[in-house]
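Visitor: Before we start, here is the structure in question, set down as structure tokens.
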Amino acid sequence: MDAGLKRELEAKVYAGERLTREDGIALYESDDLAWLGGLAHHVRTQKNGDVVHFNVNRHLNMTNVCSASCAYCSFQRKPGEKDAYTMRIEEAVRLAKAMESESLTELHIVNGLHPTLPWRYYPRSLKELKAALPNVSLKAFTATEIHWFERISGLTASEILDELIDAGLESLTGGGAEIFDWEVRQHIVDHDTHWEDWSRIHRLAHEKGLKTPATMLYGHIEEPRHRVDHVLRLRELQDETGGFQVFIPLRYQHDFHDSKDGKVRNRLMDRTEMATGAEALKTFAVSRLLFDNVPHVKVFWVMHGVTTAQLALSHGADDMDGSVVEYKITHDADNFGTPNKLGRDDLLQLIRDAGFRPVERNTRYEVIREYDGPDLMRRETPQAMRL
């Protein structure tokens, strides 16, 4: 990037001007990660100060049986396969109750597109989970699942969302977005929920008062221009609805052959390499700069590792999700030592060590508790990195 363009982009950011598609592509072409991170950090500080948000959540996947076979997915199983499972609702409730300790505030529910489970299973599961955990927010189902529910129920997405909200739904999840551009999407997904239906369903959710997250799966066969296009589609929808609370870049994961049945389900492996830490930080920075109308950018430490997650907090991210415990969808494909669980104290330490002030939130980004910031005395002398 030449010095003149660099000065022009920097001036636009500091003036609060909206960046264009061409600006986004130019930012991705820059190799000056310190400069990109500084611009993104300026924007995140303008929006969120020195705060890093986190929540105490757990993930619940009630079935991994799926009618789709997406090219990147190691989670899905076909009926009758080894490791295929579907929980009875009573079993899901029992498992969720066992997760209730540590002042749990959110249950995050995503499943496969089960070919034979009846529609009634899903609202009933939410209703019984909410009855068992009345103080826990239910963040459940991707737009892809809602689209699947339309097919198996004969109901409209509007009717489905109304029934799920009545059963206790407080937010959709952001999954199923992957990369929206058809040039890439046709090679990575094996279902028919594309941008038109994904955006339709989130628009409906926003009209009904739900606030939702949005995601992007990056670091596979897409190019930076596809990432820019993805963010700008979301930015335009956000201009319309204002319903997105947070944007979550998700790093594509290789499958390291550690599934119990020995199968490699990830069909992209021979064509891809996982994004490096530097590419991840660039993606966070450019996303924060482009997506100017979403309040938060989250780094999901499970998919980035804790060290890269800490660095992302200085490259545009202001949310570190979450306490988790077991994340089946990608963790089995992770071979870089990410822990299964970070508790509240672990997250507080990581956030403070990165130089920020932790704030515990709920699903709606309402503050539950504010904590002291980093120990300034500790910063006066070099410290060993805590792993």
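Identifiers in this document derive from the order of the structure tokens: chains are assigned A, B, ..., residues are numbered from 1 separately in each chain, and ligands are numbered from 1 in order of occurrence.
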Residues near Glu370 of chain A, anyone? I mean within 9 Å using only C-alpha atoms, not counting same-chain ones fewer than 2 positions away, as a list in words.
Guide: Arg357, Pro358, Val359, Glu360, Arg361, Val367, Ile368 and Asp372 of chain A
Visitor: Among the residues of segment 88-292 of chain A, find those DSSP assigns to helix (DSSP H, G or I) from the backbone and print them as an NGL selection string.
Guide: :A and (89-98 or 121-132 or 143-153 or 157-167 or 182-188 or 195-207 or 224-241 or 269-271 or 277-290)
Visitor: Which residue out of A:Gly49, A:Pro249, A:Gly243, A:Gly209 has the minimum interatomic distance to Arg227 of chain A when only C-alpha atoms are used?
Guide: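 For Arg227 of chain A, the nearest of the candidates is A:Pro249.
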Visitor: Excluding Pro123 of chain A and residues on its chain fewer than 6 positions from it, collect all residues at most 7 Å away from it, counting only C-alpha atoms, and give them as a PyMOL selection string.
Guide: chain A and resi 163-164+167
Visitor: Given the choices A:Thr272, A:Asn362, A:Thr283, A:Thr241, which gets closest to Pro224 of chain A if the distance is worked out from only C-alpha atoms?
Guide: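 Distance minimum relative to Pro224 of chain A lands on A:Thr283.
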Visitor: Let me make sure I understand: among A:Leu19, A:Ile146, A:Leu172, A:Val136, which one has the smallest atom-to-atom distance to Ser287 of chain A if we use only C-alpha atoms?
Guide: A:Leu19
Visitor: Could you list, as a ChimeraX atom specification, every residue within 6 Å of His191 of chain A, counting only C-alpha atoms and ignoring same-chain residues fewer than 2 positions away?
Guide: /A:68,189,193
Visitor: With distances taken over only C-alpha atoms, which of A:Leu138, A:Leu129, A:Met99, A:Val13 is nearest to Leu169 of chain A?
Guide: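 So, comparing all the options, the nearest one is A:Leu138.
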Visitor: Check the smallest atom-to-atom distance from each of A:Gly316, A:Lys263, A:Lys78, A:Leu39 to Ala11 of chain A using only C-alpha atoms, then report the winner.
Guide: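 With only C-alpha atoms as the atom set, the closest residue is A:Leu39.
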Visitor: Quick one: pull the distance between atom CA of Lys127 of chain A and atom CA of Ala92 of chain A, Å, one decimal.
Guide: 11.9 Å
Visitor: Write out as an MDAnalysis selection string the residues lying within 10 Å of Ala280 of chain A, counting only C-alpha atoms and excluding same-chain residues fewer than 3 positions away.
Guide: chainID A and resid 218:219 249:251 274:277 283:285 299 304 308:309 311:312 315
Visitor: Would you list, as a ChimeraX atom specification, the residues of segment 131-358 of chain A that end up in strand (DSSP E) under DSSP run on this structure's backbone?
Guide: /A:137-140,169-171,212-218,244-251,296-300,319-321,357-358
Visitor: Using only C-alpha atoms, which residues of segment 47-91 of chain A come within 9 Å of segment 108-120 of chain A, and what is the closest atom pair for each, with the distance in Å to one decimal? Give it as a tab-separated table, sorted by chain and residue number.
Guide:
residue	atom	partner	partner_atom	distance
A:Asn57	CA	A:His108	CA	7.1
A:Arg58	CA	A:His108	CA	6.1
A:His59	CA	A:His108	CA	4.7
A:Leu60	CA	A:Ile109	CA	4.9
A:Asn61	CA	A:Asn111	CA	5.2
A:Met62	CA	A:Asn111	CA	6.0
A:Thr63	CA	A:Asn111	CA	5.3
A:Asn64	CA	A:Gly112	CA	4.9
A:Val65	CA	A:His114	CA	5.3
A:Cys66	CA	A:Leu113	CA	4.3
A:Ser67	CA	A:Leu113	CA	5.5
A:Ala68	CA	A:Leu113	CA	6.9
A:Phe75	CA	A:Gly112	CA	8.3
A:Gln76	CA	A:Gly112	CA	6.4
A:Arg77	CA	A:Gly112	CA	8.3
A:Lys78	CA	A:His114	CA	8.9
A:Pro79	CA	A:Pro115	CA	8.5
A:Thr86	CA	A:His114	CA	8.8
Visitor: Rank A:Thr212, A:Thr142, A:Ser153, A:Thr307 by their smallest atom-to-atom distance to Glu178 of chain A, using only C-alpha atoms, and report the top residue only.
Guide: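 Ranking A:Thr212, A:Thr142, A:Ser153, A:Thr307 by distance to Glu178 of chain A, first place goes to A:Thr142.
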